[in-house]
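Dropping start.tsv in here (TSV, C-alpha atoms):
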```tsv
chain	number	residue	atom	x	y	z
A	144	MET	CA	-52.11	-6.55	14.77
A	145	PHE	CA	-53.28	-7.67	18.21
A	146	ARG	CA	-50.46	-10.13	18.99
A	147	LYS	CA	-49.03	-8.76	22.23
A	148	ILE	CA	-51.17	-6.72	24.62
A	149	LEU	CA	-49.80	-4.35	27.23
A	150	TYR	CA	-52.37	-4.27	30.01
A	151	PRO	CA	-51.52	-1.63	32.63
A	152	THR	CA	-53.66	-1.98	35.74
A	153	ASP	CA	-53.96	-0.13	39.03
A	154	PHE	CA	-56.41	-2.86	40.19
A	155	SER	CA	-59.35	-0.43	40.03
A	156	ASP	CA	-62.78	-1.82	39.11
A	157	VAL	CA	-62.71	-0.35	35.63
A	158	SER	CA	-59.27	-1.77	34.92
A	159	LYS	CA	-60.69	-5.20	35.79
A	160	ILE	CA	-63.39	-4.83	33.12
A	161	ALA	CA	-60.52	-4.81	30.61
A	162	ILE	CA	-59.88	-8.48	31.39
A	163	GLU	CA	-63.12	-9.47	29.66
A	164	TYR	CA	-62.12	-7.57	26.54
A	165	ILE	CA	-58.72	-9.22	26.49
A	166	ARG	CA	-60.39	-12.61	26.69
A	167	GLN	CA	-62.67	-11.77	23.78
A	168	LEU	CA	-59.73	-10.62	21.66
A	169	LYS	CA	-58.21	-14.09	21.71
A	170	GLU	CA	-60.01	-14.92	18.47
A	171	SER	CA	-58.54	-11.85	16.77
A	172	GLY	CA	-55.01	-13.08	17.26
A	173	VAL	CA	-53.91	-12.05	20.77
A	174	GLU	CA	-51.15	-14.41	21.89
A	175	GLU	CA	-49.38	-12.67	24.72
A	176	ILE	CA	-50.34	-10.38	27.62
A	177	LEU	CA	-48.02	-8.25	29.68
A	178	VAL	CA	-49.92	-7.37	32.87
A	179	PHE	CA	-48.26	-4.26	34.17
A	180	HIS	CA	-48.53	-2.44	37.48
A	181	VAL	CA	-46.76	0.76	38.46
A	182	ILE	CA	-46.36	1.65	42.11
A	183	ASP	CA	-46.65	5.42	41.98
A	184	GLU	CA	-43.51	6.88	43.55
A	185	ARG	CA	-45.43	10.05	44.38
A	186	ASP	CA	-47.64	8.03	46.73
A	187	LEU	CA	-44.48	6.64	48.33
A	188	GLN	CA	-43.21	10.13	49.01
A	189	PHE	CA	-46.50	10.94	50.67
A	190	SER	CA	-46.15	7.89	52.90
A	191	TYR	CA	-42.67	8.92	53.95
A	192	LEU	CA	-43.91	12.32	55.02
A	193	TYR	CA	-47.01	11.35	56.92
A	194	VAL	CA	-46.82	7.71	57.90
A	195	PHE	CA	-43.18	6.86	58.49
A	196	ASP	CA	-40.78	8.70	60.71
A	197	GLU	CA	-37.62	7.39	59.23
A	198	TYR	CA	-36.40	6.82	55.73
A	199	SER	CA	-35.04	3.46	56.85
A	200	HIS	CA	-38.55	2.17	56.36
A	201	ASP	CA	-38.16	2.72	52.66
A	202	LYS	CA	-37.17	-0.84	51.81
A	203	ASP	CA	-39.84	-2.37	54.05
A	204	LEU	CA	-42.58	-0.24	52.55
A	205	LYS	CA	-41.50	-0.89	48.98
A	206	GLN	CA	-41.32	-4.62	49.60
A	207	LYS	CA	-44.75	-4.62	51.22
A	208	LEU	CA	-46.32	-2.76	48.29
A	209	LYS	CA	-44.57	-5.06	45.86
A	210	ASP	CA	-45.83	-8.16	47.67
A	211	GLU	CA	-49.40	-6.85	47.66
A	212	ALA	CA	-49.22	-6.01	43.96
A	213	THR	CA	-47.74	-9.40	43.15
A	214	LYS	CA	-50.69	-11.16	44.80
A	215	LYS	CA	-53.15	-9.16	42.71
A	216	LEU	CA	-51.18	-9.74	39.51
A	217	VAL	CA	-51.18	-13.47	40.15
A	218	GLU	CA	-54.97	-13.32	40.58
A	219	ILE	CA	-55.29	-11.62	37.19
A	220	LYS	CA	-52.97	-14.18	35.64
A	221	ASP	CA	-55.21	-16.93	37.03
A	222	LYS	CA	-58.29	-15.32	35.50
A	223	LEU	CA	-56.67	-15.34	32.08
A	224	LYS	CA	-54.81	-18.62	32.25
A	225	ASN	CA	-57.49	-20.77	30.63
A	226	CYS	CA	-57.49	-18.62	27.50
A	227	GLY	CA	-54.24	-20.00	26.14
A	228	PHE	CA	-52.32	-16.72	26.24
A	229	LYS	CA	-48.72	-16.43	27.23
A	230	ILE	CA	-48.99	-14.21	30.31
A	231	THR	CA	-46.23	-12.32	32.05
A	232	TYR	CA	-46.50	-9.64	34.70
A	233	ARG	CA	-44.24	-6.88	35.85
A	234	ILE	CA	-44.11	-4.30	38.63
A	235	GLU	CA	-42.27	-0.99	38.33
A	236	PHE	CA	-41.77	1.93	40.71
A	237	GLY	CA	-42.21	5.34	39.10
A	238	ILE	CA	-44.75	7.63	37.44
A	239	PRO	CA	-47.44	5.42	35.84
A	240	LEU	CA	-47.59	7.24	32.48
A	241	LYS	CA	-43.80	7.26	32.07
A	242	GLU	CA	-43.43	3.60	32.96
A	243	ILE	CA	-46.25	2.59	30.60
A	244	LEU	CA	-44.60	4.49	27.74
A	245	LYS	CA	-41.22	2.91	28.56
A	246	ALA	CA	-42.77	-0.57	28.54
A	247	GLU	CA	-44.46	0.19	25.23
A	248	GLN	CA	-41.10	1.14	23.72
A	249	LYS	CA	-39.05	-1.73	25.16
A	250	GLU	CA	-41.46	-4.56	24.48
A	251	ASP	CA	-42.81	-5.45	21.08
A	252	ILE	CA	-46.34	-4.31	21.99
A	253	SER	CA	-49.20	-4.47	19.46
A	254	MET	CA	-51.86	-2.72	21.49
A	255	ILE	CA	-52.52	-1.26	24.94
A	256	ILE	CA	-55.73	-2.00	26.85
A	257	ILE	CA	-56.42	0.28	29.78
A	258	GLY	CA	-59.27	1.36	32.07
A	259	SER	CA	-60.59	4.87	31.52
A	260	HIS	CA	-60.12	5.89	35.13
A	261	GLY	CA	-57.88	4.79	37.93
A	262	LYS	CA	-58.29	4.95	41.65
A	263	SER	CA	-57.41	8.61	42.09
A	264	ASN	CA	-60.63	9.96	40.65
A	265	VAL	CA	-60.40	13.50	41.96
A	266	GLU	CA	-56.90	14.06	40.65
A	267	GLU	CA	-57.93	12.56	37.32
A	268	MET	CA	-60.96	14.80	37.03
A	269	LEU	CA	-58.70	17.80	37.45
A	270	LEU	CA	-55.67	16.75	35.46
A	271	GLY	CA	-57.00	14.13	33.06
A	272	SER	CA	-56.77	10.40	33.51
A	273	VAL	CA	-53.69	8.26	32.92
A	274	ALA	CA	-55.66	6.62	30.10
A	275	GLU	CA	-56.16	9.94	28.32
A	276	LYS	CA	-52.47	10.70	28.61
A	277	VAL	CA	-51.58	7.24	27.31
A	278	VAL	CA	-53.88	7.82	24.32
A	279	ARG	CA	-52.10	11.09	23.63
A	280	LYS	CA	-48.52	9.95	24.10
A	281	CYS	CA	-48.20	6.33	23.05
A	282	LYS	CA	-47.38	5.06	19.57
A	283	LYS	CA	-49.58	1.97	19.50
A	284	PRO	CA	-53.35	1.68	19.37
A	285	VAL	CA	-55.11	1.95	22.73
A	286	LEU	CA	-58.37	0.35	23.72
A	287	VAL	CA	-59.85	2.41	26.55
A	288	VAL	CA	-62.39	0.42	28.54
A	289	LYS	CA	-65.08	2.40	30.36
A	290	ARG	CA	-66.96	2.05	33.63
B	274	MET	CA	-68.87	-7.09	23.58
B	275	PHE	CA	-67.72	-6.10	20.09
B	276	ARG	CA	-70.99	-6.67	18.22
B	277	LYS	CA	-71.69	-3.25	16.72
B	278	ILE	CA	-68.87	-0.84	15.93
B	279	LEU	CA	-69.29	2.91	15.52
B	280	TYR	CA	-66.52	4.00	13.18
B	281	PRO	CA	-66.40	7.81	12.88
B	282	THR	CA	-64.13	8.91	10.05
B	283	ASP	CA	-63.03	12.24	8.61
B	284	PHE	CA	-61.29	10.32	5.78
B	285	SER	CA	-57.83	11.21	7.12
B	286	ASP	CA	-55.02	8.70	6.64
B	287	VAL	CA	-55.02	7.61	10.26
B	288	SER	CA	-58.77	7.04	10.27
B	289	LYS	CA	-58.25	4.71	7.30
B	290	ILE	CA	-55.83	2.57	9.34
B	291	ALA	CA	-58.81	1.80	11.57
B	292	ILE	CA	-60.33	-0.24	8.73
B	293	GLU	CA	-57.67	-2.91	9.13
B	294	TYR	CA	-58.42	-3.21	12.84
B	295	ILE	CA	-62.13	-3.52	12.18
B	296	ARG	CA	-61.40	-6.35	9.73
B	297	GLN	CA	-59.29	-8.15	12.29
B	298	LEU	CA	-62.00	-7.85	14.94
B	299	LYS	CA	-64.39	-9.95	12.88
B	300	GLU	CA	-63.20	-13.06	14.70
B	301	SER	CA	-63.94	-11.48	18.08
B	302	GLY	CA	-67.60	-11.12	17.27
B	303	VAL	CA	-68.03	-7.89	15.30
B	304	GLU	CA	-71.20	-8.16	13.22
B	305	GLU	CA	-72.17	-4.65	12.30
B	306	ILE	CA	-70.35	-1.43	11.39
B	307	LEU	CA	-71.81	2.06	11.35
B	308	VAL	CA	-69.43	4.18	9.25
B	309	PHE	CA	-70.06	7.73	10.36
B	310	HIS	CA	-69.00	11.05	8.91
B	311	VAL	CA	-69.72	14.49	10.32
B	312	ILE	CA	-69.50	17.54	8.08
B	313	ASP	CA	-68.23	20.14	10.51
B	314	GLU	CA	-70.69	23.03	10.53
B	315	ARG	CA	-67.93	25.37	11.68
B	316	ASP	CA	-66.14	24.78	8.39
B	317	LEU	CA	-69.38	25.59	6.61
B	318	GLN	CA	-69.61	28.91	8.40
B	319	PHE	CA	-66.08	29.68	7.31
B	320	SER	CA	-67.03	28.95	3.71
B	321	TYR	CA	-70.00	31.29	3.88
B	322	LEU	CA	-67.81	34.12	5.08
B	323	TYR	CA	-64.92	33.76	2.72
B	324	VAL	CA	-65.99	31.79	-0.31
B	325	PHE	CA	-69.63	32.48	-0.94
B	326	ASP	CA	-71.24	35.84	-1.33
B	327	GLU	CA	-74.77	34.79	-0.72
B	328	TYR	CA	-76.43	32.47	1.72
B	329	SER	CA	-78.49	31.09	-1.12
B	330	HIS	CA	-75.49	28.91	-1.87
B	331	ASP	CA	-76.11	27.11	1.40
B	332	LYS	CA	-78.06	24.23	-0.08
B	333	ASP	CA	-75.69	23.80	-3.02
B	334	LEU	CA	-72.64	23.69	-0.77
B	335	LYS	CA	-74.20	21.27	1.68
B	336	GLN	CA	-75.32	18.98	-1.12
B	337	LYS	CA	-71.87	19.08	-2.71
B	338	LEU	CA	-70.16	18.18	0.56
B	339	LYS	CA	-72.68	15.44	1.17
B	340	ASP	CA	-72.13	13.98	-2.31
B	341	GLU	CA	-68.34	13.97	-1.82
B	342	ALA	CA	-68.66	12.31	1.59
B	343	THR	CA	-71.07	9.72	0.22
B	344	LYS	CA	-68.55	8.70	-2.44
B	345	LYS	CA	-65.88	8.17	0.21
B	346	LEU	CA	-68.22	6.27	2.51
B	347	VAL	CA	-69.16	3.95	-0.34
B	348	GLU	CA	-65.43	3.30	-0.94
B	349	ILE	CA	-65.01	2.34	2.73
B	350	LYS	CA	-68.08	0.12	2.54
B	351	ASP	CA	-66.54	-1.62	-0.49
B	352	LYS	CA	-63.29	-2.22	1.42
B	353	LEU	CA	-65.19	-3.95	4.21
B	354	LYS	CA	-67.82	-5.74	2.19
B	355	ASN	CA	-66.00	-9.05	1.85
B	356	CYS	CA	-65.72	-9.45	5.63
B	357	GLY	CA	-69.36	-10.43	6.14
B	358	PHE	CA	-70.28	-7.47	8.31
B	359	LYS	CA	-73.57	-5.65	8.06
B	360	ILE	CA	-72.40	-2.18	7.03
B	361	THR	CA	-74.36	1.04	7.15
B	362	TYR	CA	-73.13	4.59	6.75
B	363	ARG	CA	-74.45	7.94	7.79
B	364	ILE	CA	-73.59	11.60	7.28
B	365	GLU	CA	-74.50	14.34	9.74
B	366	PHE	CA	-73.96	18.10	9.80
B	367	GLY	CA	-72.78	19.45	13.15
B	368	ILE	CA	-69.88	19.42	15.61
B	369	PRO	CA	-68.07	16.07	15.21
B	370	LEU	CA	-67.76	15.27	18.93
B	371	LYS	CA	-71.42	16.06	19.61
B	372	GLU	CA	-72.69	14.03	16.68
B	373	ILE	CA	-70.48	11.06	17.60
B	374	LEU	CA	-71.83	11.10	21.17
B	375	LYS	CA	-75.40	11.37	19.86
B	376	ALA	CA	-74.87	8.39	17.56
B	377	GLU	CA	-73.36	6.42	20.45
B	378	GLN	CA	-76.48	7.06	22.50
B	379	LYS	CA	-79.07	6.43	19.79
B	380	GLU	CA	-77.58	3.28	18.32
B	381	ASP	CA	-76.86	0.13	20.26
B	382	ILE	CA	-73.09	0.58	19.94
B	383	SER	CA	-70.64	-1.90	21.52
B	384	MET	CA	-67.42	-0.05	20.77
B	385	ILE	CA	-66.06	3.00	18.97
B	386	ILE	CA	-63.01	2.79	16.71
B	387	ILE	CA	-61.44	6.11	15.81
B	388	GLY	CA	-58.19	7.53	14.43
B	389	SER	CA	-56.05	9.43	16.93
B	390	HIS	CA	-55.88	12.56	14.82
B	391	GLY	CA	-58.05	14.10	12.19
B	392	LYS	CA	-57.24	16.42	9.36
B	393	SER	CA	-57.04	19.61	11.38
B	394	ASN	CA	-53.72	18.83	13.02
B	395	VAL	CA	-52.85	22.31	14.26
B	396	GLU	CA	-56.19	22.84	15.96
B	397	GLU	CA	-55.93	19.39	17.52
B	398	MET	CA	-52.45	20.03	18.84
B	399	LEU	CA	-53.76	23.10	20.61
B	400	LEU	CA	-57.15	21.90	21.80
B	401	GLY	CA	-56.83	18.12	21.89
B	402	SER	CA	-58.02	15.74	19.21
B	403	VAL	CA	-61.60	14.65	18.63
B	404	ALA	CA	-60.44	11.14	19.60
B	405	GLU	CA	-59.23	12.34	23.01
B	406	LYS	CA	-62.55	14.07	23.61
B	407	VAL	CA	-64.45	10.96	22.53
B	408	VAL	CA	-62.40	8.89	24.99
B	409	ARG	CA	-63.26	11.34	27.73
B	410	LYS	CA	-66.97	11.76	27.01
B	411	CYS	CA	-68.35	8.54	25.59
B	412	LYS	CA	-69.81	5.66	27.57
B	413	LYS	CA	-68.56	2.74	25.48
B	414	PRO	CA	-65.01	1.45	25.03
B	415	VAL	CA	-62.94	3.27	22.43
B	416	LEU	CA	-60.15	1.84	20.33
B	417	VAL	CA	-57.90	4.71	19.29
B	418	VAL	CA	-55.80	3.83	16.27
B	419	LYS	CA	-52.53	5.71	15.84
B	420	ARG	CA	-50.51	6.96	12.89
```

Translate the structure described by the file into structure tokens.
Amino acid sequence: MFRKILYPTDFSDVSKIAIEYIRQLKESGVEEILVFHVIDERDLQFSYLYVFDEYSHDKDLKQKLKDEATKKLVEIKDKLKNCGFKITYRIEFGIPLKEILKAEQKEDISMIIIGSHGKSNVEEMLLGSVAEKVVRKCKKPVLVVKR
Amino acid sequence: MFRKILYPTDFSDVSKIAIEYIRQLKESGVEEILVFHVIDERDLQFSYLYVFDEYSHDKDLKQKLKDEATKKLVEIKDKLKNCGFKITYRIEFGIPLKEILKAEQKEDISMIIIGSHGKSNVEEMLLGSVAEKVVRKCKKPVLVVKR
């Protein structure tokens, strides 16, 4: 029922609160955590327009973002490592909601644990948070952790 | 972290699935369950208009609905009684979302567990489910259980 947790994180403060809940769920049968980060391709497009002059920077930028995300994912892995879970992490480029739903389908996920709000607060206030959309669209139970 | 669970139910099939998750959470520290049912006052108004001729039926109708809900709440209590939780139940008249948020504030709730969809599927498809609104408005973490 709680065997494998998909934990999407954008490294926001509220998404970090989720880590404590994951820890606590150990006793209810959680065995495996997939820590999942999506680099939002819409932010990349923004960077191309305003920060970089040439599209040749594409690979550099992507690699830099991936390296930064990897560091943070390793930190999360370290925080959870003493709990006895099997922990894997993954980075995808794309639209966060779509990638989360794809991961849910591909992997044998039991539950999703997600922070109620991400970093882009203004956008989320207007259009609804990624968490709300995950609750609406996914097939598995979702634990939404709040600020 | 999971000590006291608020479990709002409209007795729909999906809300019953939540019972299994509550059971499983015992090991993560759940001690107390508040099983909570709201009799939607908007449905009552509908009944006055179309079913009853006189407002004097008000008390009868309310009592009847309350008796039916009580039976179902006792059934849920029975299903959970072997788990060693302290279980209480409560019935309120009002708008489900509002009453759930009130209960969250008044009681020392650790987490809310709720079914993703209630009985009024068509309305929910148009306006969003009670669960989605609870996720948006409440202060505590919410586990949304799916069909």

message: Using Å and a single decimal, report how far CA of Leu279 (chain B) sits from CA of His260 (chain A).
response: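 According to the coordinates, CA of His260 (chain A) and CA of Leu279 (chain B) are separated by 21.9 Å.
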
- prompt: Quick one: distance from CA of Ala404 (chain B) to CA of Leu334 (chain B) in Å, one decimal?
  reply: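 That distance, rounded to one decimal, is 26.9 Å.
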
message: As an exercise, work out the distance from CA of Glu275 (chain A) to CA of Ile257 (chain A) in Å and give it to one decimal place.
response: 9.8 Å

task: May I have the residues of chain B within 8 Å of chain A, counting all atoms listed in the file, written as a PyMOL selection string?
output: chain B and resi 274+294+297-301+389+405+408-409+412-420

task: Please identify all polymer residues within 7 Å of Glu305 (chain B), counting all atoms listed in the file, omitting same-chain residues fewer than 6 positions from it, and present them as number ranges by chain.
output: B: 276-278, 358-360

Matching every Cα in sequence order between the two identical chains, what are the coordinates of chain B once fitted onto chain A? Write them as an mmCIF file with C-alpha atoms, in the coordinates of the input.
```
data_model
loop_
_atom_site.group_PDB
_atom_site.id
_atom_site.type_symbol
_atom_site.label_atom_id
_atom_site.label_comp_id
_atom_site.auth_asym_id
_atom_site.auth_seq_id
_atom_site.Cartn_x
_atom_site.Cartn_y
_atom_site.Cartn_z
ATOM 1 C CA MET B 274 -52.087 -6.506 14.779
ATOM 2 C CA PHE B 275 -53.265 -7.656 18.210
ATOM 3 C CA ARG B 276 -50.467 -10.124 18.985
ATOM 4 C CA LYS B 277 -49.025 -8.748 22.219
ATOM 5 C CA ILE B 278 -51.157 -6.720 24.612
ATOM 6 C CA LEU B 279 -49.787 -4.345 27.237
ATOM 7 C CA TYR B 280 -52.378 -4.266 29.997
ATOM 8 C CA PRO B 281 -51.499 -1.633 32.626
ATOM 9 C CA THR B 282 -53.656 -1.988 35.724
ATOM 10 C CA ASP B 283 -53.956 -0.156 39.029
ATOM 11 C CA PHE B 284 -56.416 -2.865 40.184
ATOM 12 C CA SER B 285 -59.362 -0.444 40.039
ATOM 13 C CA ASP B 286 -62.776 -1.825 39.110
ATOM 14 C CA VAL B 287 -62.714 -0.357 35.626
ATOM 15 C CA SER B 288 -59.273 -1.777 34.900
ATOM 16 C CA LYS B 289 -60.688 -5.202 35.789
ATOM 17 C CA ILE B 290 -63.382 -4.840 33.104
ATOM 18 C CA ALA B 291 -60.515 -4.809 30.609
ATOM 19 C CA ILE B 292 -59.884 -8.489 31.382
ATOM 20 C CA GLU B 293 -63.111 -9.478 29.658
ATOM 21 C CA TYR B 294 -62.110 -7.577 26.527
ATOM 22 C CA ILE B 295 -58.703 -9.215 26.485
ATOM 23 C CA ARG B 296 -60.402 -12.624 26.679
ATOM 24 C CA GLN B 297 -62.657 -11.771 23.775
ATOM 25 C CA LEU B 298 -59.720 -10.622 21.651
ATOM 26 C CA LYS B 299 -58.196 -14.091 21.699
ATOM 27 C CA GLU B 300 -59.993 -14.908 18.459
ATOM 28 C CA SER B 301 -58.529 -11.835 16.762
ATOM 29 C CA GLY B 302 -55.004 -13.064 17.260
ATOM 30 C CA VAL B 303 -53.917 -12.048 20.766
ATOM 31 C CA GLU B 304 -51.156 -14.401 21.900
ATOM 32 C CA GLU B 305 -49.373 -12.669 24.716
ATOM 33 C CA ILE B 306 -50.342 -10.392 27.612
ATOM 34 C CA LEU B 307 -48.009 -8.255 29.687
ATOM 35 C CA VAL B 308 -49.926 -7.377 32.869
ATOM 36 C CA PHE B 309 -48.260 -4.254 34.173
ATOM 37 C CA HIS B 310 -48.526 -2.446 37.476
ATOM 38 C CA VAL B 311 -46.774 0.761 38.469
ATOM 39 C CA ILE B 312 -46.384 1.650 42.133
ATOM 40 C CA ASP B 313 -46.665 5.416 42.004
ATOM 41 C CA GLU B 314 -43.530 6.882 43.561
ATOM 42 C CA ARG B 315 -45.433 10.057 44.403
ATOM 43 C CA ASP B 316 -47.629 8.048 46.751
ATOM 44 C CA LEU B 317 -44.481 6.655 48.323
ATOM 45 C CA GLN B 318 -43.194 10.143 48.995
ATOM 46 C CA PHE B 319 -46.476 10.975 50.661
ATOM 47 C CA SER B 320 -46.114 7.931 52.897
ATOM 48 C CA TYR B 321 -42.623 8.951 53.944
ATOM 49 C CA LEU B 322 -43.844 12.363 54.999
ATOM 50 C CA TYR B 323 -46.941 11.400 56.879
ATOM 51 C CA VAL B 324 -46.741 7.773 57.886
ATOM 52 C CA PHE B 325 -43.130 6.905 58.455
ATOM 53 C CA ASP B 326 -40.722 8.687 60.705
ATOM 54 C CA GLU B 327 -37.562 7.350 59.235
ATOM 55 C CA TYR B 328 -36.356 6.732 55.734
ATOM 56 C CA SER B 329 -35.030 3.390 56.868
ATOM 57 C CA HIS B 330 -38.564 2.132 56.373
ATOM 58 C CA ASP B 331 -38.133 2.695 52.656
ATOM 59 C CA LYS B 332 -37.183 -0.864 51.810
ATOM 60 C CA ASP B 333 -39.858 -2.382 54.044
ATOM 61 C CA LEU B 334 -42.590 -0.233 52.528
ATOM 62 C CA LYS B 335 -41.505 -0.890 48.967
ATOM 63 C CA GLN B 336 -41.321 -4.621 49.591
ATOM 64 C CA LYS B 337 -44.756 -4.614 51.217
ATOM 65 C CA LEU B 338 -46.316 -2.766 48.289
ATOM 66 C CA LYS B 339 -44.577 -5.068 45.858
ATOM 67 C CA ASP B 340 -45.837 -8.167 47.689
ATOM 68 C CA GLU B 341 -49.424 -6.848 47.669
ATOM 69 C CA ALA B 342 -49.229 -6.014 43.961
ATOM 70 C CA THR B 343 -47.750 -9.416 43.166
ATOM 71 C CA LYS B 344 -50.699 -11.150 44.829
ATOM 72 C CA LYS B 345 -53.140 -9.160 42.704
ATOM 73 C CA LEU B 346 -51.183 -9.741 39.509
ATOM 74 C CA VAL B 347 -51.185 -13.476 40.171
ATOM 75 C CA GLU B 348 -54.992 -13.324 40.588
ATOM 76 C CA ILE B 349 -55.293 -11.616 37.188
ATOM 77 C CA LYS B 350 -52.967 -14.186 35.649
ATOM 78 C CA ASP B 351 -55.206 -16.942 37.052
ATOM 79 C CA LYS B 352 -58.295 -15.311 35.512
ATOM 80 C CA LEU B 353 -56.666 -15.342 32.087
ATOM 81 C CA LYS B 354 -54.824 -18.624 32.275
ATOM 82 C CA ASN B 355 -57.490 -20.770 30.641
ATOM 83 C CA CYS B 356 -57.496 -18.622 27.493
ATOM 84 C CA GLY B 357 -54.221 -19.999 26.134
ATOM 85 C CA PHE B 358 -52.332 -16.722 26.220
ATOM 86 C CA LYS B 359 -48.715 -16.431 27.235
ATOM 87 C CA ILE B 360 -49.005 -14.221 30.318
ATOM 88 C CA THR B 361 -46.250 -12.317 32.052
ATOM 89 C CA TYR B 362 -46.515 -9.638 34.703
ATOM 90 C CA ARG B 363 -44.248 -6.890 35.869
ATOM 91 C CA ILE B 364 -44.139 -4.299 38.638
ATOM 92 C CA GLU B 365 -42.290 -0.998 38.363
ATOM 93 C CA PHE B 366 -41.792 1.937 40.723
ATOM 94 C CA GLY B 367 -42.232 5.339 39.090
ATOM 95 C CA ILE B 368 -44.779 7.638 37.448
ATOM 96 C CA PRO B 369 -47.452 5.422 35.835
ATOM 97 C CA LEU B 370 -47.600 7.249 32.485
ATOM 98 C CA LYS B 371 -43.814 7.268 32.101
ATOM 99 C CA GLU B 372 -43.429 3.606 32.974
ATOM 100 C CA ILE B 373 -46.254 2.603 30.616
ATOM 101 C CA LEU B 374 -44.601 4.503 27.748
ATOM 102 C CA LYS B 375 -41.235 2.920 28.586
ATOM 103 C CA ALA B 376 -42.769 -0.558 28.551
ATOM 104 C CA GLU B 377 -44.462 0.215 25.227
ATOM 105 C CA GLN B 378 -41.100 1.128 23.741
ATOM 106 C CA LYS B 379 -39.052 -1.727 25.193
ATOM 107 C CA GLU B 380 -41.470 -4.552 24.502
ATOM 108 C CA ASP B 381 -42.816 -5.449 21.098
ATOM 109 C CA ILE B 382 -46.339 -4.306 21.991
ATOM 110 C CA SER B 383 -49.199 -4.473 19.452
ATOM 111 C CA MET B 384 -51.861 -2.722 21.502
ATOM 112 C CA ILE B 385 -52.521 -1.250 24.935
ATOM 113 C CA ILE B 386 -55.721 -1.998 26.847
ATOM 114 C CA ILE B 387 -56.422 0.292 29.774
ATOM 115 C CA GLY B 388 -59.290 1.342 32.044
ATOM 116 C CA SER B 389 -60.586 4.873 31.506
ATOM 117 C CA HIS B 390 -60.114 5.889 35.115
ATOM 118 C CA GLY B 391 -57.878 4.786 37.905
ATOM 119 C CA LYS B 392 -58.308 4.931 41.625
ATOM 120 C CA SER B 393 -57.446 8.584 42.079
ATOM 121 C CA ASN B 394 -60.676 9.933 40.642
ATOM 122 C CA VAL B 395 -60.454 13.491 41.946
ATOM 123 C CA GLU B 396 -56.944 14.044 40.640
ATOM 124 C CA GLU B 397 -57.967 12.565 37.298
ATOM 125 C CA MET B 398 -61.001 14.796 37.013
ATOM 126 C CA LEU B 399 -58.748 17.799 37.440
ATOM 127 C CA LEU B 400 -55.705 16.753 35.440
ATOM 128 C CA GLY B 401 -57.019 14.129 33.035
ATOM 129 C CA SER B 402 -56.780 10.389 33.503
ATOM 130 C CA VAL B 403 -53.699 8.265 32.924
ATOM 131 C CA ALA B 404 -55.658 6.615 30.087
ATOM 132 C CA GLU B 405 -56.162 9.953 28.317
ATOM 133 C CA LYS B 406 -52.457 10.702 28.616
ATOM 134 C CA VAL B 407 -51.577 7.238 27.321
ATOM 135 C CA VAL B 408 -53.857 7.815 24.319
ATOM 136 C CA ARG B 409 -52.107 11.092 23.650
ATOM 137 C CA LYS B 410 -48.509 9.950 24.112
ATOM 138 C CA CYS B 411 -48.191 6.333 23.062
ATOM 139 C CA LYS B 412 -47.371 5.071 19.585
ATOM 140 C CA LYS B 413 -49.558 1.962 19.495
ATOM 141 C CA PRO B 414 -53.350 1.691 19.378
ATOM 142 C CA VAL B 415 -55.100 1.953 22.729
ATOM 143 C CA LEU B 416 -58.363 0.343 23.727
ATOM 144 C CA VAL B 417 -59.850 2.398 26.546
ATOM 145 C CA VAL B 418 -62.394 0.428 28.534
ATOM 146 C CA LYS B 419 -65.065 2.415 30.360
ATOM 147 C CA ARG B 420 -66.953 2.027 33.620
#
```

As lines of an AutoDock Vina configuration file, please: the centre and edge lengths in Å, to one decimal, of an axis-aligned box enclosing every listed atom of region 276-281 of chain A with 4 Å added on each side.
```
center_x = -51.0
center_y = 8.7
center_z = 25.8
size_x = 13.7
size_y = 12.8
size_z = 13.6
```

query: Hey, which of B:Lys392, B:His310, B:Lys350, B:Lys335 ends up closest to Ser285 (chain B)? Count all atoms listed in the file.
result: B:Lys392

Spatial neighbours of Ile234 (chain A), 8 Å, only C-alpha atoms, chain gap at least 4 places, as a PyMOL selection string: chain A and resi 179-182+209+212-213

- line: If you count only C-alpha atoms, the residue of B:Asp316, B:Asp381, B:Glu341, B:Asp331 closest to Ile368 (chain B) turns out to be B:Asp316

- request: Would you mind telling me which residue in B:Lys332, B:Tyr280, B:Val308, B:Arg315 lies nearest to Asp351 (chain B) when using all atoms listed in the file?
  value: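 So, comparing all the options, the nearest one is B:Val308.
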
Hey, could you patch up region 145-149 of chain A with N, CA, C and O atoms and hand it over as a compact mmCIF listing (two decimals), keeping the file's coordinate frame?
```
# COMPACT_ATOMS: atom_id res chain seq x y z
N PHE A 145 -52.90 -7.64 16.79
CA PHE A 145 -53.28 -7.67 18.21
C PHE A 145 -52.39 -8.66 18.99
O PHE A 145 -52.78 -9.11 20.05
N ARG A 146 -51.23 -9.02 18.45
CA ARG A 146 -50.46 -10.13 18.99
C ARG A 146 -50.13 -10.00 20.48
O ARG A 146 -50.44 -10.87 21.28
N LYS A 147 -49.49 -8.91 20.83
CA LYS A 147 -49.03 -8.76 22.23
C LYS A 147 -49.67 -7.53 22.88
O LYS A 147 -49.46 -6.40 22.44
N ILE A 148 -50.42 -7.78 23.93
CA ILE A 148 -51.17 -6.72 24.62
C ILE A 148 -50.42 -6.25 25.86
O ILE A 148 -49.99 -7.07 26.67
N LEU A 149 -50.26 -4.94 25.97
CA LEU A 149 -49.80 -4.35 27.23
C LEU A 149 -51.04 -3.94 28.03
O LEU A 149 -51.85 -3.14 27.54
```
